[in-house]
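Novice: Structure: query.pdb, PDB, C-alpha atoms and all ligand atoms.
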ATOM      1  CA  MET A   1       7.550  -9.317  23.493
ATOM      2  CA  SER A   2       7.130  -6.812  20.668
ATOM      3  CA  LYS A   3       5.851  -3.415  21.680
ATOM      4  CA  ASN A   4       6.247  -1.437  18.496
ATOM      5  CA  ILE A   5       5.075  -3.273  15.431
ATOM      6  CA  VAL A   6       5.484  -1.836  11.953
ATOM      7  CA  ILE A   7       3.737  -3.725   9.162
ATOM      8  CA  LEU A   8       4.459  -3.170   5.487
ATOM      9  CA  THR A   9       1.699  -4.385   3.189
ATOM     10  CA  GLY A  10       1.515  -4.870  -0.557
ATOM     11  CA  ALA A  11      -0.907  -6.070  -3.192
ATOM     12  CA  GLY A  12      -0.910  -9.648  -1.833
ATOM     13  CA  VAL A  13      -2.936  -8.587   1.224
ATOM     14  CA  SER A  14      -5.770  -7.429  -1.078
ATOM     15  CA  ALA A  15      -5.448 -10.273  -3.611
ATOM     16  CA  GLU A  16      -8.154 -12.383  -1.975
ATOM     17  CA  SER A  17     -10.456  -9.355  -2.038
ATOM     18  CA  GLY A  18     -10.336  -9.694  -5.807
ATOM     19  CA  LEU A  19      -7.876  -6.883  -6.491
ATOM     20  CA  GLY A  20      -5.122  -8.022  -8.816
ATOM     21  CA  THR A  21      -1.479  -7.976  -7.811
ATOM     22  CA  PHE A  22       1.111  -6.414 -10.114
ATOM     23  CA  ARG A  23       3.729  -9.012 -10.864
ATOM     24  CA  ASP A  24       2.019 -12.386 -10.457
ATOM     25  CA  ALA A  25       0.776 -14.288 -13.527
ATOM     26  CA  GLY A  26      -2.073 -12.200 -14.959
ATOM     27  CA  GLY A  27      -1.031  -9.237 -12.775
ATOM     28  CA  VAL A  28      -1.568  -5.578 -13.661
ATOM     29  CA  TRP A  29       1.938  -5.164 -15.123
ATOM     30  CA  THR A  30       1.408  -8.129 -17.468
ATOM     31  CA  LYS A  31      -1.552  -6.250 -19.010
ATOM     32  CA  TYR A  32      -0.337  -2.653 -18.930
ATOM     33  CA  ASP A  33       3.037  -1.049 -19.485
ATOM     34  CA  LEU A  34       3.828   0.724 -16.238
ATOM     35  CA  ASN A  35       5.662   3.427 -18.216
ATOM     36  CA  ASP A  36       2.336   4.336 -19.825
ATOM     37  CA  VAL A  37       0.132   4.409 -16.726
ATOM     38  CA  ALA A  38       2.352   4.801 -13.666
ATOM     39  CA  THR A  39       4.916   7.473 -14.507
ATOM     40  CA  PRO A  40       4.726  11.286 -14.781
ATOM     41  CA  GLU A  41       5.983  10.923 -18.374
ATOM     42  CA  GLY A  42       3.145   8.522 -19.237
ATOM     43  CA  PHE A  43       0.646  10.995 -17.791
ATOM     44  CA  ALA A  44       2.181  13.886 -19.777
ATOM     45  CA  ARG A  45       2.013  11.818 -22.989
ATOM     46  CA  ASN A  46      -1.536  10.583 -22.584
ATOM     47  CA  PRO A  47      -3.398  11.743 -19.466
ATOM     48  CA  GLY A  48      -6.704  10.295 -20.694
ATOM     49  CA  ARG A  49      -5.231   6.786 -20.779
ATOM     50  CA  VAL A  50      -3.899   7.206 -17.242
ATOM     51  CA  HIS A  51      -7.271   8.449 -15.949
ATOM     52  CA  ASP A  52      -9.010   5.492 -17.650
ATOM     53  CA  PHE A  53      -6.605   3.095 -15.908
ATOM     54  CA  TYR A  54      -7.162   4.556 -12.427
ATOM     55  CA  ASN A  55     -10.907   5.055 -13.005
ATOM     56  CA  ALA A  56     -11.193   1.319 -13.683
ATOM     57  CA  ARG A  57      -9.089   0.459 -10.634
ATOM     58  CA  ARG A  58     -11.237   2.794  -8.496
ATOM     59  CA  VAL A  59     -14.409   0.998  -9.620
ATOM     60  CA  ASN A  60     -12.872  -2.390  -8.739
ATOM     61  CA  ALA A  61     -11.556  -1.184  -5.406
ATOM     62  CA  ARG A  62     -14.935   0.290  -4.465
ATOM     63  CA  LYS A  63     -16.624  -3.065  -5.155
ATOM     64  CA  ALA A  64     -14.018  -5.049  -3.213
ATOM     65  CA  ARG A  65     -14.509  -6.109   0.402
ATOM     66  CA  ALA A  66     -11.851  -6.254   3.067
ATOM     67  CA  ASN A  67     -10.766  -9.832   3.770
ATOM     68  CA  ALA A  68      -9.734 -11.799   6.854
ATOM     69  CA  ALA A  69      -6.157 -10.508   6.641
ATOM     70  CA  HIS A  70      -7.261  -6.856   6.744
ATOM     71  CA  ALA A  71      -9.649  -7.697   9.590
ATOM     72  CA  ALA A  72      -6.945  -9.447  11.613
ATOM     73  CA  LEU A  73      -4.597  -6.457  11.276
ATOM     74  CA  ALA A  74      -7.382  -4.126  12.443
ATOM     75  CA  ARG A  75      -7.932  -6.379  15.469
ATOM     76  CA  LEU A  76      -4.194  -6.328  16.201
ATOM     77  CA  GLU A  77      -4.245  -2.538  16.348
ATOM     78  CA  VAL A  78      -7.100  -2.545  18.867
ATOM     79  CA  GLU A  79      -5.937  -5.408  21.072
ATOM     80  CA  HIS A  80      -2.128  -5.160  21.066
ATOM     81  CA  GLN A  81      -0.644  -3.430  24.133
ATOM     82  CA  GLY A  82       1.740  -1.354  22.066
ATOM     83  CA  GLN A  83       1.955   0.556  18.811
ATOM     84  CA  VAL A  84       0.847  -0.926  15.518
ATOM     85  CA  LEU A  85       1.472   1.000  12.309
ATOM     86  CA  ILE A  86       0.557  -0.195   8.837
ATOM     87  CA  VAL A  87       2.650   1.295   6.066
ATOM     88  CA  THR A  88       0.936   0.221   2.892
ATOM     89  CA  GLN A  89       2.027   0.332  -0.723
ATOM     90  CA  ASN A  90      -1.609  -0.261  -1.654
ATOM     91  CA  VAL A  91      -3.741   2.544  -3.010
ATOM     92  CA  ASP A  92      -7.009   0.798  -2.061
ATOM     93  CA  ASN A  93      -8.688   1.606   1.265
ATOM     94  CA  LEU A  94      -9.355  -1.926   2.492
ATOM     95  CA  HIS A  95      -7.249  -1.553   5.644
ATOM     96  CA  GLU A  96      -9.373   1.425   6.673
ATOM     97  CA  ARG A  97     -12.598  -0.311   5.708
ATOM     98  CA  ALA A  98     -11.598  -3.233   7.948
ATOM     99  CA  GLY A  99     -11.169  -0.754  10.818
ATOM    100  CA  SER A 100      -7.434   0.027  10.917
ATOM    101  CA  LYS A 101      -6.744   3.623  11.916
ATOM    102  CA  ALA A 102      -2.956   3.913  11.774
ATOM    103  CA  VAL A 103      -2.457   3.396   8.048
ATOM    104  CA  TRP A 104       0.087   5.364   6.030
ATOM    105  CA  HIS A 105      -0.300   5.175   2.263
ATOM    106  CA  MET A 106       3.251   5.570   1.000
ATOM    107  CA  HIS A 107       2.133   5.165  -2.638
ATOM    108  CA  GLY A 108      -0.900   7.431  -2.276
ATOM    109  CA  GLU A 109      -4.611   6.737  -2.424
ATOM    110  CA  LEU A 110      -6.905   5.835  -5.293
ATOM    111  CA  PHE A 111      -9.822   7.640  -3.661
ATOM    112  CA  ARG A 112      -7.991  10.949  -3.412
ATOM    113  CA  ALA A 113      -7.260  13.487  -6.132
ATOM    114  CA  LEU A 114      -4.322  15.883  -6.362
ATOM    115  CA  CYS A 115      -3.908  19.166  -8.237
ATOM    116  CA  ALA A 116      -0.559  19.144 -10.022
ATOM    117  CA  ALA A 117      -0.680  22.957 -10.119
ATOM    118  CA  CYS A 118      -1.357  23.900  -6.477
ATOM    119  CA  GLU A 119      -1.038  20.543  -4.653
ATOM    120  CA  ALA A 120      -4.556  20.722  -3.225
ATOM    121  CA  ARG A 121      -6.024  17.317  -2.361
ATOM    122  CA  TRP A 122      -9.659  16.206  -2.169
ATOM    123  CA  ASP A 123     -11.808  13.071  -2.388
ATOM    124  CA  ALA A 124     -11.644  11.765  -5.938
ATOM    125  CA  PRO A 125     -14.878  11.285  -7.863
ATOM    126  CA  ASP A 126     -15.276   7.718  -9.140
ATOM    127  CA  GLN A 127     -14.477   8.886 -12.643
ATOM    128  CA  MET A 128     -11.771  11.522 -13.073
ATOM    129  CA  HIS A 129     -11.524  13.360 -16.391
ATOM    130  CA  LEU A 130      -8.986  15.456 -18.233
ATOM    131  CA  ASP A 131     -11.072  18.599 -18.011
ATOM    132  CA  ASP A 132     -11.864  18.361 -14.280
ATOM    133  CA  GLU A 133     -10.986  21.553 -12.451
ATOM    134  CA  CYS A 134      -9.146  21.790  -9.156
ATOM    135  CA  PRO A 135     -11.681  22.920  -6.516
ATOM    136  CA  GLU A 136      -9.063  25.311  -5.068
ATOM    137  CA  CYS A 137      -7.237  26.978  -7.959
ATOM    138  CA  ARG A 138      -9.458  25.953 -10.900
ATOM    139  CA  ALA A 139      -6.500  24.634 -12.910
ATOM    140  CA  LYS A 140      -7.306  21.719 -15.191
ATOM    141  CA  ALA A 141      -4.354  19.834 -13.791
ATOM    142  CA  THR A 142      -5.998  17.204 -11.660
ATOM    143  CA  ARG A 143      -4.515  13.720 -11.240
ATOM    144  CA  PRO A 144      -5.023  10.715  -9.007
ATOM    145  CA  ASP A 145      -3.200  11.191  -5.699
ATOM    146  CA  VAL A 146      -1.025   8.159  -6.315
ATOM    147  CA  VAL A 147       2.747   8.011  -6.368
ATOM    148  CA  TRP A 148       4.191   7.085  -9.740
ATOM    149  CA  PHE A 149       7.561   5.575 -10.580
ATOM    150  CA  GLY A 150      10.120   8.358 -10.456
ATOM    151  CA  GLU A 151       8.222  10.201  -7.689
ATOM    152  CA  ILE A 152       9.084  10.158  -4.015
ATOM    153  CA  PRO A 153       6.748   8.067  -1.848
ATOM    154  CA  TYR A 154       4.853   9.879   0.885
ATOM    155  CA  ARG A 155       5.879  10.275   4.556
ATOM    156  CA  MET A 156       9.321   8.742   4.033
ATOM    157  CA  ASP A 157      11.040  10.557   6.920
ATOM    158  CA  GLU A 158       8.337   9.526   9.365
ATOM    159  CA  ILE A 159       8.330   5.972   8.012
ATOM    160  CA  TYR A 160      12.093   5.598   8.481
ATOM    161  CA  GLU A 161      11.745   6.901  12.032
ATOM    162  CA  ARG A 162       9.065   4.353  12.839
ATOM    163  CA  VAL A 163      10.940   1.458  11.174
ATOM    164  CA  LEU A 164      14.068   2.366  13.163
ATOM    165  CA  ASP A 165      11.987   2.328  16.328
ATOM    166  CA  ALA A 166      10.231  -0.986  15.641
ATOM    167  CA  ASP A 167      10.739  -4.099  17.750
ATOM    168  CA  LEU A 168       9.019  -6.167  15.100
ATOM    169  CA  PHE A 169       8.877  -5.434  11.373
ATOM    170  CA  VAL A 170       6.511  -7.570   9.323
ATOM    171  CA  SER A 171       6.149  -7.521   5.563
ATOM    172  CA  ILE A 172       2.908  -8.913   4.152
ATOM    173  CA  GLY A 173       1.990  -9.650   0.530
ATOM    174  CA  THR A 174       4.696  -7.751  -1.258
ATOM    175  CA  SER A 175       7.180  -9.009  -3.818
ATOM    176  CA  GLY A 176       9.986  -6.808  -2.471
ATOM    177  CA  SER A 177      10.759  -5.505  -5.936
ATOM    178  CA  VAL A 178      10.015  -1.806  -5.465
ATOM    179  CA  TYR A 179      12.241   0.501  -3.437
ATOM    180  CA  PRO A 180      12.321   2.223  -1.019
ATOM    181  CA  ALA A 181       9.749  -0.161   0.568
ATOM    182  CA  ALA A 182      11.858  -3.214  -0.286
ATOM    183  CA  GLY A 183      14.715  -1.739   1.754
ATOM    184  CA  PHE A 184      12.789  -1.352   5.029
ATOM    185  CA  VAL A 185      13.682  -4.877   6.167
ATOM    186  CA  GLU A 186      17.414  -4.103   6.102
ATOM    187  CA  ILE A 187      16.841  -0.919   8.082
ATOM    188  CA  ALA A 188      14.780  -2.819  10.640
ATOM    189  CA  ASN A 189      17.450  -5.546  10.860
ATOM    190  CA  GLY A 190      20.138  -2.914  11.343
ATOM    191  CA  ALA A 191      18.150  -1.364  14.177
ATOM    192  CA  GLY A 192      17.797  -4.715  15.949
ATOM    193  CA  ALA A 193      14.140  -5.501  15.194
ATOM    194  CA  HIS A 194      12.862  -8.994  14.632
ATOM    195  CA  THR A 195      11.842  -9.238  10.971
ATOM    196  CA  MET A 196       9.252 -11.459   9.449
ATOM    197  CA  GLU A 197       7.758 -12.072   6.008
ATOM    198  CA  LEU A 198       4.211 -13.338   5.424
ATOM    199  CA  ASN A 199       3.721 -14.008   1.733
ATOM    200  CA  LEU A 200       2.390 -16.553  -0.732
ATOM    201  CA  GLU A 201       5.910 -17.288  -1.910
ATOM    202  CA  PRO A 202       9.382 -16.077  -0.936
ATOM    203  CA  SER A 203       9.785 -12.441  -2.047
ATOM    204  CA  GLU A 204      12.880 -11.010  -3.716
ATOM    205  CA  THR A 205      14.138  -9.910  -0.316
ATOM    206  CA  ALA A 206      13.146 -13.141   1.472
ATOM    207  CA  THR A 207      16.660 -13.942   2.677
ATOM    208  CA  ALA A 208      16.826 -10.660   4.602
ATOM    209  CA  PHE A 209      14.018 -11.698   6.982
ATOM    210  CA  ALA A 210      14.726 -13.566  10.199
ATOM    211  CA  GLU A 211      11.503 -15.544   9.858
ATOM    212  CA  SER A 212       8.984 -16.355   7.156
ATOM    213  CA  ARG A 213       5.489 -17.830   6.906
ATOM    214  CA  LEU A 214       4.322 -18.840   3.468
ATOM    215  CA  GLY A 215       0.655 -19.067   2.518
ATOM    216  CA  LYS A 216      -2.409 -17.059   1.660
ATOM    217  CA  ALA A 217      -2.765 -13.798   3.546
ATOM    218  CA  THR A 218      -6.268 -14.734   4.754
ATOM    219  CA  GLU A 219      -4.758 -17.748   6.519
ATOM    220  CA  VAL A 220      -1.278 -16.764   7.648
ATOM    221  CA  VAL A 221      -2.135 -13.252   8.821
ATOM    222  CA  PRO A 222      -4.979 -14.174  11.239
ATOM    223  CA  ASN A 223      -2.828 -17.024  12.630
ATOM    224  CA  TRP A 224       0.111 -14.713  13.163
ATOM    225  CA  VAL A 225      -2.093 -12.051  14.825
ATOM    226  CA  ASP A 226      -3.479 -14.693  17.207
ATOM    227  CA  GLU A 227       0.088 -15.630  18.138
ATOM    228  CA  VAL A 228       1.186 -12.038  18.751
ATOM    229  CA  LEU A 229      -1.834 -11.310  20.913
ATOM    230  CA  ALA A 230      -1.399 -14.518  22.903
ATOM    231  CA  ASP A 231       2.288 -13.748  23.401
ATOM    232  CA  THR A 232       2.182 -10.095  24.364
ATOM    233  CA  ASN A 233      -1.103  -9.450  26.124
TER     234      ASN A 233
HETATM  235  P1  LIG A 301       3.497  -7.372  -6.417
HETATM  236  O1  LIG A 301       2.465  -7.746  -7.435
HETATM  237  O2  LIG A 301       4.848  -7.015  -6.917
HETATM  238  O3  LIG A 301       3.670  -8.553  -5.356
HETATM  239  C1  LIG A 301       2.587  -9.144  -4.736
HETATM  240  C2  LIG A 301       3.085 -10.216  -3.790
HETATM  241  O4  LIG A 301       1.960 -10.758  -3.119
HETATM  242  C3  LIG A 301       3.809 -11.388  -4.477
HETATM  243  O5  LIG A 301       5.034 -11.663  -3.815
HETATM  244  C4  LIG A 301       2.829 -12.562  -4.325
HETATM  245  O6  LIG A 301       3.490 -13.804  -4.118
HETATM  246  C5  LIG A 301       2.069 -12.168  -3.078
HETATM  247  N1  LIG A 301       0.697 -12.702  -3.041
HETATM  248  C6  LIG A 301      -0.165 -12.924  -4.058
HETATM  249  N2  LIG A 301      -1.325 -13.393  -3.622
HETATM  250  C7  LIG A 301      -1.226 -13.484  -2.264
HETATM  251  C8  LIG A 301      -2.104 -13.910  -1.223
HETATM  252  N3  LIG A 301      -3.331 -14.336  -1.479
HETATM  253  N4  LIG A 301      -1.627 -13.867   0.047
HETATM  254  C9  LIG A 301      -0.368 -13.430   0.322
HETATM  255  N5  LIG A 301       0.494 -13.024  -0.622
HETATM  256  C10 LIG A 301       0.079 -13.036  -1.900
HETATM  257  O7  LIG A 301       2.856  -6.196  -5.537
HETATM  258  P2  LIG A 301       3.604  -5.176  -4.543
HETATM  259  O8  LIG A 301       4.770  -5.818  -3.920
HETATM  260  O9  LIG A 301       2.561  -4.590  -3.686
HETATM  261  O10 LIG A 301       3.623   0.652  -7.055
HETATM  262  O11 LIG A 301       4.098  -4.087  -5.562
HETATM  263  C11 LIG A 301       4.790  -2.972  -5.068
HETATM  264  C12 LIG A 301       4.489  -1.768  -5.916
HETATM  265  O12 LIG A 301       4.725  -2.062  -7.288
HETATM  266  C13 LIG A 301       3.045  -1.332  -5.899
HETATM  267  O13 LIG A 301       2.724  -0.510  -4.808
HETATM  268  C14 LIG A 301       2.909  -0.578  -7.180
HETATM  269  C15 LIG A 301       3.610  -1.568  -8.070
HETATM  270  O14 LIG A 301       4.105  -1.112  -9.240
HETATM  271  C16 LIG A 301       3.340   1.698  -7.856
HETATM  272  O15 LIG A 301       2.466   1.668  -8.691
HETATM  273  C17 LIG A 301       4.192   2.900  -7.607
END
Output the file's structure as structure tokens, nothing else.
Ligand code: OAD

Specialist:
Amino acid sequence: MSKNIVILTGAGVSAESGLGTFRDAGGVWTKYDLNDVATPEGFARNPGRVHDFYNARRVNARKARANAAHAALARLEVEHQGQVLIVTQNVDNLHERAGSKAVWHMHGELFRALCAACEARWDAPDQMHLDDECPECRAKATRPDVVWFGEIPYRMDEIYERVLDADLFVSIGTSGSVYPAAGFVEIANGAGAHTMELNLEPSETATAFAESRLGKATEVVPNWVDEVLADTN
């Protein structure tokens, strides 16, 4: 019986909501150079291009609907007799829109803005612009509150604590190609948790998991949630 469940999610959990993944055929990184749109250097070189990229993603994410995988994870949080934490690499808010409350966005949030000058944060307008002012300090240094390559993901100390404490660590819809998230499975293994991957295909870290279920998130996730709830409640 698994009391403490930590779930890592990636783009694959939102794929069937119509939001593109990064590394699959036709994925975001086949159309854009991540150095241009997802690094501090790319933002310094051409902030307008970076805003355009995230403005377009914000529009798509706002139109998207949570799918059966998000809904099943929200149900797990309500019905499981133990802790459920979602650590997501996704910047969309589909877990929250499905009803999940314990969601930590380690790569930031598309719908939040950050002032690079004073670190104030606020709800992002749909379209962010170069000459937007920070509502706190008035600097024209606003950026999406997303974590770029070369920056440190959010809440890492707390995440490591929770992964170390997990009885069950489950990775859903992530290719396992971006660290530190890709390293959580080894930490969970080292701490004695059962580890499980739910993904369309084996990820780059597939061999590290004790168990794997392959298939679409909207199918494998609800089935797995049913099993956990039948087993533990
Ligand atoms: P990737 O695009 O690297 O991987 C998506 C994974 O989801 C792949 O392993 C697919 O096989 C799987 N997948 C696709 N469709 C699926 C479906 N319907 N059901 C289940 N699985 C499916 O995306 P991430 O692993 O999330 O970071 O990428 C990690 C990070 O790299 C992102 O957070 C982003 C990106 O660059 C930053 O921008 C900092």

Novice: Quick one: which residues end up in the PyMOL selection byres (((chain A and resi 62) around 12) and not hetatm) for this structure, as a ChimeraX atom specification?

Specialist: /A:17-19,54-61,63-66,91-94,97,110-111,125-127

Novice: Given a cut-off of 7 Å, what residues near ligand LIG 301 (chain A) show up using all atoms listed in the file, put as a PyMOL selection string?

Specialist: chain A and resi 9-13+15-16+21-24+27+38+89-90+107+147-149+172-178+198-203+215-218

Novice: For each of A:Ala208, A:Leu168, A:Ala71, A:Ala182, take the minimum atom-to-atom distance to Ser2 in chain A, counting only C-alpha atoms, then give the residue where this is smallest.

Specialist: A:Leu168

Novice: What does the distance between CA of Leu229 in chain A and CA of Asn4 in chain A come to in Å, to one decimal place?

Specialist: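 CA of Asn4 in chain A lies 13.0 Å from CA of Leu229 in chain A.
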
Novice: Considering all atoms listed in the file, state which residue in the set A:His80, A:His129, A:His51, A:Arg213 is at the smallest distance from Val170 in chain A.

Specialist: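 That would be A:Arg213, the residue with the smallest distance to Val170 in chain A.
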
Novice: For Glu219 in chain A, which residue out of A:Met106, A:Glu96, A:His194, A:Asn67 is the nearest one, using all atoms listed in the file?

Specialist: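 Smallest separation from Glu219 in chain A among the options: A:Asn67.
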
Novice: Go through A:Val225, A:Leu73, A:Gln83, A:Phe53 and flag the residue nearest Trp29 in chain A, using all atoms listed in the file for the distances.

Specialist: A:Phe53

Novice: Can you list, as a short mmCIF file (atom, residue, chain, number, x, y, z; two decimals) with C-alpha atoms, in the coordinates of the input, every protein, DNA or RNA residue that comes within 7 Å of range 85-87 of chain A when you count only C-alpha atoms, leaving out same-chain residues fewer than 6 positions away?

Specialist:
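Final file, result26.cif:
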data_model
loop_
_atom_site.label_atom_id
_atom_site.label_comp_id
_atom_site.auth_asym_id
_atom_site.auth_seq_id
_atom_site.Cartn_x
_atom_site.Cartn_y
_atom_site.Cartn_z
CA ILE A 5 5.08 -3.27 15.43
CA VAL A 6 5.48 -1.84 11.95
CA ILE A 7 3.74 -3.72 9.16
CA LEU A 8 4.46 -3.17 5.49
CA THR A 9 1.70 -4.38 3.19
CA ALA A 102 -2.96 3.91 11.77
CA VAL A 103 -2.46 3.40 8.05
CA TRP A 104 0.09 5.36 6.03
CA HIS A 105 -0.30 5.18 2.26
CA MET A 106 3.25 5.57 1.00
#

Novice: Evaluated on this file, the PyMOL selection byres (((chain A and resi 117) around 7) and not hetatm) picks out some residues - which ones are they, written as an NGL selection string?

Specialist: :A and (115-116 or 118-119 or 139 or 141)

Novice: Tell me, in Å to one decimal, how far CA of Glu109 in chain A is from CA of His95 in chain A.

Specialist: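 Separating CA of Glu109 in chain A from CA of His95 in chain A is a distance of 11.9 Å.
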